[in-house]
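Accompanying notes for the structure given below.
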Amino acid sequence: MIELHGLQKEYRQEEVPMLALKGVSFTIKKGEFVSIMGPSGSGKSTLLHILSFLDRPTGGTYTFLGKSIDDMSDKELAHVRNKDMGFVFQSFNLLARLSVYDNVEIPLLYSEVAPADRRALIEASVAAVGLTEKLHTEAGRLSGGQKQRVAIARAIVTDPNVIFADEPTGNLDSQSGIQVMEVLEGLNKKGRTIVLVTHETHTAEFANRIIRIKDGEVESDTLIAQRHAAPKILK
Amino acid sequence: MRSILTMLGIVIGIASVIILMSIGQSAQKLILNQVQSIGSNLVIVIPGAPSNGKFSSPAAAQGIVITTLQQQDIDALKREPEIDFAVPEVRGQADVVYGGNNATVGYTGSTADFFTVSNLSKMSEGQAFSKSDVDSANHVVVIGPDLAKTLFGPNINPLGKTVRLKNVSFRVVGVLGKGGTGAFGVDIGNLVVMPISVAQTQLLGINYFNVIVVQANADYDVNFVKSRMSFILEHNHGITTSAKDDFTIQTQADILSLLGSITSIFTLFLAAIASISLIVGGIGIMNIMLVSVTERTREIGLRKAVGATDSDIMQQFLIESILLTFIGGIIGIAIGAAFVLLIYFVLSHFTTVGWVFAFPASAVIMSIVVSSIAGIVFGIYPARQAARKNPIDALRYE
């Protein structure tokens, strides 16, 4: 599903080139739950931006669902982001004055889904994160954990192949964080690929594979035999 | 709240365009109505050569004394079958005095036909002077109703009373039936009309006319009448080529088209002034849209992340600014219409001006189009700024 070969990203800061990614290679298969870990400045955010088509690499190859990023126009990238990718951010990025319903609808505004078919999709997504009773509440009035669950509903409303989650528990207390991870875990169990970026080992261990990045390179890539299970922790 | 304040610029701009254009058109209608009320088959002869330019006036109107219009011209014109009336007029200004009351008025010396041709035959008191009054140079006057009120007050009947102009005594024989402002701004309410013979000899000391008003027979084309008159007057004045004419003939249509073009320019001028406020309003919209783009940077980032293209974002902000200006335009039209109605109500109820209600559809359509265009013009820059934002930076924006 995701194939990287010698991926590089070079930034220029005041004419001085700086290599944020120095040839990253790995493959993520459909249905995997992968955590990308690393200290700040390691290049994990840059990697996530490229993986999620928000940025382009300056070297190496990136193939998503069999298509190389180099062959796609900005418009095509936007289309793939809409159709095949879901996004969960650390700071939720909800529009506070819109209702839960309207927030979840946003990706559909840019999709090919007919307006008449949207309601059912939105309601199903919100139900999947357990917030049906908050459907018409203003997003700004929700708690942090609820906000992140709305963000997840928004990420899955277009039924994407992969969900990119950037520090999804970073702004939450541990209880809410675990609830959010439980939702992600449930989605993964139903076959969705999840790529999680975090610096918290505890959160990373919800995944079945951890890729550690250091100084722009893959430091380790390990499978987790004993992964966390959110329901167990909650009990 | 901020949107309402922003719209205010457009609202005021559109409202002022509507109000000024409507006032301009009302004034135009008012003037044209008054000119038309003297009758469409009137032809006016003014002494002096025709001017070349449309907007320069004949010599007589510029205060140059020209003595070429004489009684023989009237006699010759009257002989024509296509001419019903040829009425000479002399004009002057004097103080009119009755007892301790006086007023400065414009007076007209003319023949008995003056009242027929000017559509002033109906008297509220007494009657118009007669042909024999003119022939015998009787010292009689017909006065306007406003002047009658000024001189005699509400309790004295003006009929038979003696008034004085330039120390010449006149007996009042009639009071005109209607007042107000007549054609060419003549104050009918304060008009004094007397036999032309008296005006020429006793007040002005002249033997020529200031104007000849001709009423053409309705069976003839006015332009034909005009060319016949030209021919007769040239013949009378011994002129061989029309380039040397010492008179100007103007038909109702000439005057209407002249006035029409003057008032149209006037209206356009008013609209141009008002559109300056529209531009100011538009800049206000642009300003607030730029602030909005900055404030909504994260939203833009999010929308781009979940699949919005640059053109989606551009469209969103453009639609917002067009909506702002469009709604502002609609409110402006409503406020403008309310003001126009108010002006109409006040002018028609509290003044004697025959104000005409005009709410030009062209102004409404223009306002909607202009306000929407303002939305595009002043929204396009902020919308482009929004569309060009990099989603990664936008998502990180604090």
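Each chain in the structure tokens gets a letter, A, B and so on, in the order shown; residues start at 1 in every chain, and ligands are counted from 1 in the order they appear.
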
Contact table stretch 143-228 of chain B vs stretch 94-105 of chain B, cut-off 8 Å, shortest pair per residue, only C-alpha atoms, as CSV:
```
residue,atom,partner,partner_atom,distance
B:Leu147,CA,B:Ala103,CA,7.7
B:Thr150,CA,B:Asn101,CA,7.4
B:Leu151,CA,B:Asn101,CA,5.4
B:Phe152,CA,B:Tyr98,CA,7.5
B:Thr162,CA,B:Tyr98,CA,7.1
B:Val163,CA,B:Tyr98,CA,5.0
B:Arg164,CA,B:Val97,CA,5.1
B:Leu165,CA,B:Val96,CA,4.8
B:Lys166,CA,B:Ala94,CA,6.5
B:Asn190,CA,B:Val105,CA,6.4
B:Leu191,CA,B:Val105,CA,6.7
B:Val192,CA,B:Val105,CA,7.3
```

Filtering to N, CA and C atoms, could you give me those residues as a JSON list (two decimals), in the first residue's frame?
```
[["chain", "number", "residue", "atom", "x", "y", "z"],
["B", 147, "LEU", "N", -48.80, 85.90, -6.31],
["B", 147, "LEU", "CA", -48.60, 87.35, -6.25],
["B", 147, "LEU", "C", -49.85, 88.02, -5.68],
["B", 150, "THR", "N", -49.69, 87.77, -2.06],
["B", 150, "THR", "CA", -48.67, 88.65, -1.49],
["B", 150, "THR", "C", -49.17, 90.10, -1.43],
["B", 151, "LEU", "N", -49.80, 90.53, -2.51],
["B", 151, "LEU", "CA", -50.18, 91.95, -2.60],
["B", 151, "LEU", "C", -51.45, 92.25, -1.83],
["B", 152, "PHE", "N", -52.43, 91.36, -1.93],
["B", 152, "PHE", "CA", -53.76, 91.69, -1.42],
["B", 152, "PHE", "C", -54.14, 90.92, -0.16],
["B", 162, "THR", "N", -56.02, 98.61, -8.35],
["B", 162, "THR", "CA", -54.96, 99.20, -9.17],
["B", 162, "THR", "C", -53.60, 98.89, -8.57],
["B", 163, "VAL", "N", -52.72, 98.31, -9.39],
["B", 163, "VAL", "CA", -51.34, 98.07, -8.93],
["B", 163, "VAL", "C", -50.42, 98.93, -9.78],
["B", 164, "ARG", "N", -49.19, 99.16, -9.29],
["B", 164, "ARG", "CA", -48.27, 100.00, -10.03],
["B", 164, "ARG", "C", -46.98, 99.25, -10.36],
["B", 165, "LEU", "N", -46.55, 99.35, -11.63],
["B", 165, "LEU", "CA", -45.24, 98.83, -12.04],
["B", 165, "LEU", "C", -44.49, 100.00, -12.65],
["B", 166, "LYS", "N", -43.30, 100.26, -12.16],
["B", 166, "LYS", "CA", -42.50, 101.39, -12.66],
["B", 166, "LYS", "C", -43.34, 102.67, -12.74],
["B", 190, "ASN", "N", -46.21, 84.00, -9.60],
["B", 190, "ASN", "CA", -45.91, 85.42, -9.42],
["B", 190, "ASN", "C", -45.85, 86.17, -10.75],
["B", 191, "LEU", "N", -46.50, 85.62, -11.77],
["B", 191, "LEU", "CA", -46.43, 86.22, -13.11],
["B", 191, "LEU", "C", -47.33, 87.46, -13.19],
["B", 192, "VAL", "N", -46.88, 88.41, -14.00],
["B", 192, "VAL", "CA", -47.74, 89.57, -14.33],
["B", 192, "VAL", "C", -47.81, 89.61, -15.86]]
```

Exercise. Show which residues sit within 9 Å of A:Ser176, as an MDAnalysis selection string. Count only C-alpha atoms, and ignore same-chain residues fewer than 4 positions away.
Key: chainID A and resid 144:146 148 169 172 180:181

Determine, for each residue of chain A having at least one atom at most 10 Å from an atom of chain B, the closest pair of atoms and their separation in Å to one decimal, counting only C-alpha atoms; order by chain and ascending number, as a Markdown table.
```
| residue | atom | partner | partner_atom | distance |
| --- | --- | --- | --- | --- |
| A:Thr46 | CA | B:Ile392 | CA | 9.7 |
| A:His49 | CA | B:Ile392 | CA | 7.5 |
| A:Ser52 | CA | B:Ala305 | CA | 8.6 |
| A:Phe53 | CA | B:Ala305 | CA | 8.6 |
| A:Leu54 | CA | B:Ile392 | CA | 6.7 |
| A:Asp55 | CA | B:Ile392 | CA | 7.9 |
| A:Asp74 | CA | B:Thr309 | CA | 8.0 |
| A:Lys75 | CA | B:Thr309 | CA | 6.1 |
| A:Glu76 | CA | B:Thr309 | CA | 9.2 |
| A:Leu77 | CA | B:Gly307 | CA | 8.1 |
| A:Ala78 | CA | B:Gly307 | CA | 4.5 |
| A:His79 | CA | B:Gly307 | CA | 5.7 |
| A:Val80 | CA | B:Gly307 | CA | 7.4 |
| A:Arg81 | CA | B:Gly307 | CA | 5.3 |
| A:Asn82 | CA | B:Gly307 | CA | 4.2 |
| A:Lys83 | CA | B:Gly307 | CA | 7.8 |
| A:Asp84 | CA | B:Gly307 | CA | 9.9 |
| A:Met85 | CA | B:Val306 | CA | 7.9 |
| A:Gly86 | CA | B:Val306 | CA | 7.2 |
| A:Phe87 | CA | B:Val306 | CA | 7.2 |
| A:Phe89 | CA | B:Leu395 | CA | 9.0 |
| A:Ser91 | CA | B:Leu395 | CA | 9.3 |
| A:Phe92 | CA | B:Leu302 | CA | 9.7 |
| A:Asn93 | CA | B:Leu302 | CA | 6.7 |
| A:Leu94 | CA | B:Glu299 | CA | 8.0 |
| A:Leu95 | CA | B:Glu299 | CA | 7.0 |
| A:Ile106 | CA | B:Arg303 | CA | 7.3 |
| A:Pro107 | CA | B:Val306 | CA | 5.4 |
| A:Leu108 | CA | B:Val306 | CA | 8.9 |
| A:Leu109 | CA | B:Ala308 | CA | 8.4 |
| A:Tyr110 | CA | B:Ala308 | CA | 5.7 |
| A:Ser111 | CA | B:Gly307 | CA | 7.7 |
| A:Arg154 | CA | B:Val306 | CA | 9.1 |
| A:Ala155 | CA | B:Val306 | CA | 8.2 |
| A:Thr158 | CA | B:Val306 | CA | 9.7 |
```

Quiz item: Could you pull out all residues of stretch 170-225 of chain B with a DSSP call of helix (DSSP H, G or I) and give them as a ChimeraX atom specification?
Solution: /B:183-185,188-190,196-204,222-225

Can you write out the residues you just picked, keeping C-alpha atoms, as a short mmCIF file (atom, residue, chain, number, x, y, z; two decimals), in the first residue's frame?
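Output (part.cif):
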```cif
data_model
loop_
_atom_site.label_atom_id
_atom_site.label_comp_id
_atom_site.auth_asym_id
_atom_site.auth_seq_id
_atom_site.Cartn_x
_atom_site.Cartn_y
_atom_site.Cartn_z
CA ALA B 183 -41.94 76.05 -18.34
CA PHE B 184 -38.34 77.35 -18.34
CA GLY B 185 -38.59 78.06 -14.64
CA ILE B 188 -46.42 81.40 -12.88
CA GLY B 189 -47.57 82.01 -9.33
CA ASN B 190 -45.91 85.42 -9.42
CA ILE B 196 -47.92 93.93 -25.23
CA SER B 197 -48.65 97.41 -26.52
CA VAL B 198 -48.53 98.82 -22.99
CA ALA B 199 -45.42 96.89 -22.03
CA GLN B 200 -43.54 98.00 -25.14
CA THR B 201 -44.39 101.69 -24.91
CA GLN B 202 -44.91 102.40 -21.20
CA LEU B 203 -42.47 100.04 -19.48
CA LEU B 204 -39.73 99.02 -21.90
CA VAL B 222 -43.76 70.48 -36.68
CA ASN B 223 -40.55 70.25 -38.66
CA PHE B 224 -42.38 71.37 -41.80
CA VAL B 225 -43.80 74.32 -39.86
#
```

Quiz prompt | Contacts of B:Ile262 within 12 Å, only C-alpha atoms, excl. fewer than 3 positions in-chain, as a PyMOL selection string | solution = chain B and resi 24-25+27-28+31-32+54-56+255-259+265-269

Find the residues around A:Leu98 up to 10 Å (only C-alpha atoms counted), leave out those fewer than 3 positions away in its own chain, and share them as a PDB file with N, CA and C atoms, in the first residue's frame.
```
ATOM      1  N   LEU A  94     -10.913  21.312  14.593  1.00  0.00           N
ATOM      2  CA  LEU A  94     -12.348  21.380  14.311  1.00  0.00           C
ATOM      3  C   LEU A  94     -12.730  22.850  14.166  1.00  0.00           C
ATOM      4  N   LEU A  95     -13.801  23.118  13.415  1.00  0.00           N
ATOM      5  CA  LEU A  95     -14.310  24.480  13.335  1.00  0.00           C
ATOM      6  C   LEU A  95     -15.290  24.657  14.492  1.00  0.00           C
ATOM      7  N   TYR A 101     -21.982  17.603  13.235  1.00  0.00           N
ATOM      8  CA  TYR A 101     -22.441  17.182  11.902  1.00  0.00           C
ATOM      9  C   TYR A 101     -21.702  17.944  10.803  1.00  0.00           C
ATOM     10  N   ASP A 102     -21.696  19.283  10.936  1.00  0.00           N
ATOM     11  CA  ASP A 102     -21.086  20.112   9.886  1.00  0.00           C
ATOM     12  C   ASP A 102     -19.577  19.880   9.799  1.00  0.00           C
ATOM     13  N   ASN A 103     -18.922  19.642  10.942  1.00  0.00           N
ATOM     14  CA  ASN A 103     -17.490  19.376  10.926  1.00  0.00           C
ATOM     15  C   ASN A 103     -17.179  18.080  10.190  1.00  0.00           C
ATOM     16  N   VAL A 104     -17.983  17.062  10.493  1.00  0.00           N
ATOM     17  CA  VAL A 104     -17.735  15.754   9.872  1.00  0.00           C
ATOM     18  C   VAL A 104     -18.022  15.824   8.366  1.00  0.00           C
ATOM     19  N   HIS A 136     -25.607  17.366  16.883  1.00  0.00           N
ATOM     20  CA  HIS A 136     -25.901  18.758  16.542  1.00  0.00           C
ATOM     21  C   HIS A 136     -25.352  19.744  17.562  1.00  0.00           C
ATOM     22  N   THR A 137     -24.405  19.261  18.391  1.00  0.00           N
ATOM     23  CA  THR A 137     -23.764  20.151  19.351  1.00  0.00           C
ATOM     24  C   THR A 137     -22.640  20.908  18.644  1.00  0.00           C
ATOM     25  N   GLU A 138     -22.434  22.167  19.067  1.00  0.00           N
ATOM     26  CA  GLU A 138     -21.304  22.930  18.525  1.00  0.00           C
ATOM     27  C   GLU A 138     -20.007  22.249  18.932  1.00  0.00           C
ATOM     28  N   ALA A 139     -19.074  22.130  18.013  1.00  0.00           N
ATOM     29  CA  ALA A 139     -17.821  21.427  18.307  1.00  0.00           C
ATOM     30  C   ALA A 139     -17.063  22.081  19.452  1.00  0.00           C
ATOM     31  N   GLY A 140     -17.155  23.412  19.551  1.00  0.00           N
ATOM     32  CA  GLY A 140     -16.431  24.149  20.591  1.00  0.00           C
ATOM     33  C   GLY A 140     -16.879  23.792  22.000  1.00  0.00           C
TER      34      GLY A 140
END
```

List the spatial neighbours of B:Asn157 as a PDB file with N, CA and C atoms, in the first residue's frame - criterion: any atom at most 12 Å away, only C-alpha atoms, same-chain residues fewer than 5 positions off excluded.
```pdb
ATOM      1  N   SER B 124     -58.798  81.969 -11.886  1.00  0.00           N
ATOM      2  CA  SER B 124     -59.507  81.724 -10.635  1.00  0.00           C
ATOM      3  C   SER B 124     -60.413  82.912 -10.317  1.00  0.00           C
ATOM      4  N   GLU B 125     -60.022  84.085 -10.790  1.00  0.00           N
ATOM      5  CA  GLU B 125     -60.852  85.287 -10.596  1.00  0.00           C
ATOM      6  C   GLU B 125     -60.832  86.073 -11.896  1.00  0.00           C
ATOM      7  N   GLY B 126     -61.966  86.668 -12.280  1.00  0.00           N
ATOM      8  CA  GLY B 126     -62.007  87.564 -13.429  1.00  0.00           C
ATOM      9  C   GLY B 126     -61.721  86.866 -14.730  1.00  0.00           C
ATOM     10  N   PRO B 145     -51.596  83.686  -8.913  1.00  0.00           N
ATOM     11  CA  PRO B 145     -52.273  83.548  -7.617  1.00  0.00           C
ATOM     12  C   PRO B 145     -51.364  83.829  -6.419  1.00  0.00           C
ATOM     13  N   ALA B 148     -51.024  87.519  -6.094  1.00  0.00           N
ATOM     14  CA  ALA B 148     -52.281  88.077  -5.587  1.00  0.00           C
ATOM     15  C   ALA B 148     -52.309  87.978  -4.073  1.00  0.00           C
ATOM     16  N   LYS B 149     -51.855  86.854  -3.549  1.00  0.00           N
ATOM     17  CA  LYS B 149     -51.848  86.645  -2.102  1.00  0.00           C
ATOM     18  C   LYS B 149     -50.872  87.615  -1.427  1.00  0.00           C
ATOM     19  N   LEU B 151     -49.801  90.533  -2.513  1.00  0.00           N
ATOM     20  CA  LEU B 151     -50.175  91.948  -2.600  1.00  0.00           C
ATOM     21  C   LEU B 151     -51.455  92.247  -1.832  1.00  0.00           C
ATOM     22  N   PHE B 152     -52.431  91.357  -1.927  1.00  0.00           N
ATOM     23  CA  PHE B 152     -53.765  91.694  -1.419  1.00  0.00           C
ATOM     24  C   PHE B 152     -54.140  90.925  -0.158  1.00  0.00           C
ATOM     25  N   THR B 162     -56.022  98.615  -8.349  1.00  0.00           N
ATOM     26  CA  THR B 162     -54.964  99.198  -9.169  1.00  0.00           C
ATOM     27  C   THR B 162     -53.596  98.887  -8.568  1.00  0.00           C
ATOM     28  N   VAL B 172     -56.220  95.338 -12.199  1.00  0.00           N
ATOM     29  CA  VAL B 172     -56.192  93.871 -12.211  1.00  0.00           C
ATOM     30  C   VAL B 172     -57.522  93.370 -12.760  1.00  0.00           C
ATOM     31  N   VAL B 173     -57.464  92.588 -13.865  1.00  0.00           N
ATOM     32  CA  VAL B 173     -58.705  92.063 -14.442  1.00  0.00           C
ATOM     33  C   VAL B 173     -58.848  90.555 -14.250  1.00  0.00           C
ATOM     34  N   GLY B 174     -57.741  89.922 -13.908  1.00  0.00           N
ATOM     35  CA  GLY B 174     -57.848  88.470 -13.743  1.00  0.00           C
ATOM     36  C   GLY B 174     -56.732  87.920 -12.865  1.00  0.00           C
ATOM     37  N   VAL B 175     -57.010  86.786 -12.230  1.00  0.00           N
ATOM     38  CA  VAL B 175     -55.983  86.057 -11.459  1.00  0.00           C
ATOM     39  C   VAL B 175     -55.879  84.668 -12.068  1.00  0.00           C
TER      40      VAL B 175
END
```

Exercise. Could you give me, as a PyMOL selection string, each residue of stretch 42-208 of chain B that DSSP assigns to strand (DSSP E) when run on this structure's backbone?
Key: chain B and resi 42-47+83-98+101-110+123-126+140-143+162-165+168-176+192-195

Quiz item: With only C-alpha atoms as the atoms that count, which of B:Met194, B:Asp245, B:Thr251, B:Ser26 lies nearest to B:Val141?
Solution: B:Met194

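Taking atom CA of B:Leu42 and atom CA of B:Ala216 as endpoints, the distance between them is 6.3 Å.
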
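The environment of stretch 203-205 of chain A within 10 Å, counting only C-alpha atoms and disregarding residues fewer than 6 places along the same chain, consists of Phe33, Val34, Ser35, Ile36, Met37, Glu167, Pro168, Thr169, Gly170, Ser174, Gly177, Ile178, Met181, Leu196, Val197, Ile211, Leu223, Ile224, Ala225, Gln226, Arg227, His228 and Ala229 of chain A.
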
Using only C-alpha atoms, determine which residues lie at most 6 Å from stretch 1-4 of chain A, disregarding the query and same-chain residues fewer than 5 positions distant; provide the list as a PDB file with N, CA and C atoms, in the first residue's frame.
```
ATOM      1  N   SER A  25      13.433   4.118   3.823  1.00  0.00           N
ATOM      2  CA  SER A  25      12.783   3.057   3.043  1.00  0.00           C
ATOM      3  C   SER A  25      11.982   2.154   3.968  1.00  0.00           C
ATOM      4  N   PHE A  26      10.735   1.918   3.655  1.00  0.00           N
ATOM      5  CA  PHE A  26       9.943   0.876   4.305  1.00  0.00           C
ATOM      6  C   PHE A  26       8.654   0.669   3.532  1.00  0.00           C
ATOM      7  N   THR A  27       7.926  -0.343   3.900  1.00  0.00           N
ATOM      8  CA  THR A  27       6.660  -0.661   3.239  1.00  0.00           C
ATOM      9  C   THR A  27       5.596  -0.862   4.302  1.00  0.00           C
ATOM     10  N   ILE A  28       4.430  -0.331   4.052  1.00  0.00           N
ATOM     11  CA  ILE A  28       3.303  -0.563   4.964  1.00  0.00           C
ATOM     12  C   ILE A  28       2.222  -1.290   4.172  1.00  0.00           C
ATOM     13  N   LYS A  29       1.792  -2.410   4.715  1.00  0.00           N
ATOM     14  CA  LYS A  29       0.775  -3.204   4.012  1.00  0.00           C
ATOM     15  C   LYS A  29      -0.614  -2.819   4.498  1.00  0.00           C
ATOM     16  N   LYS A  30      -1.585  -3.140   3.685  1.00  0.00           N
ATOM     17  CA  LYS A  30      -2.981  -2.851   4.041  1.00  0.00           C
ATOM     18  C   LYS A  30      -3.349  -3.543   5.348  1.00  0.00           C
ATOM     19  N   THR A  61      11.721   7.466  -3.934  1.00  0.00           N
ATOM     20  CA  THR A  61      10.389   7.260  -4.511  1.00  0.00           C
ATOM     21  C   THR A  61       9.385   6.960  -3.418  1.00  0.00           C
ATOM     22  N   TYR A  62       8.150   7.384  -3.686  1.00  0.00           N
ATOM     23  CA  TYR A  62       7.039   7.088  -2.786  1.00  0.00           C
ATOM     24  C   TYR A  62       5.891   6.609  -3.651  1.00  0.00           C
ATOM     25  N   THR A  63       5.469   5.375  -3.424  1.00  0.00           N
ATOM     26  CA  THR A  63       4.341   4.823  -4.175  1.00  0.00           C
ATOM     27  C   THR A  63       3.190   4.560  -3.218  1.00  0.00           C
ATOM     28  N   PHE A  64       2.031   5.139  -3.529  1.00  0.00           N
ATOM     29  CA  PHE A  64       0.833   4.946  -2.695  1.00  0.00           C
ATOM     30  C   PHE A  64      -0.217   4.259  -3.549  1.00  0.00           C
ATOM     31  N   LEU A  65      -0.679   3.091  -3.103  1.00  0.00           N
ATOM     32  CA  LEU A  65      -1.643   2.279  -3.852  1.00  0.00           C
ATOM     33  C   LEU A  65      -1.188   2.077  -5.291  1.00  0.00           C
TER      34      LEU A  65
END
```

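In this comparison, which uses only C-alpha atoms, the residue of B:Thr111, B:Ser118, B:Leu77, B:His349 approaching B:Ser136 most closely is B:Thr111.
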
Quiz item: In Å, with one decimal, what is the gap from atom CA of B:Asp393 to atom CA of A:Lys147?
Solution: 21.9 Å
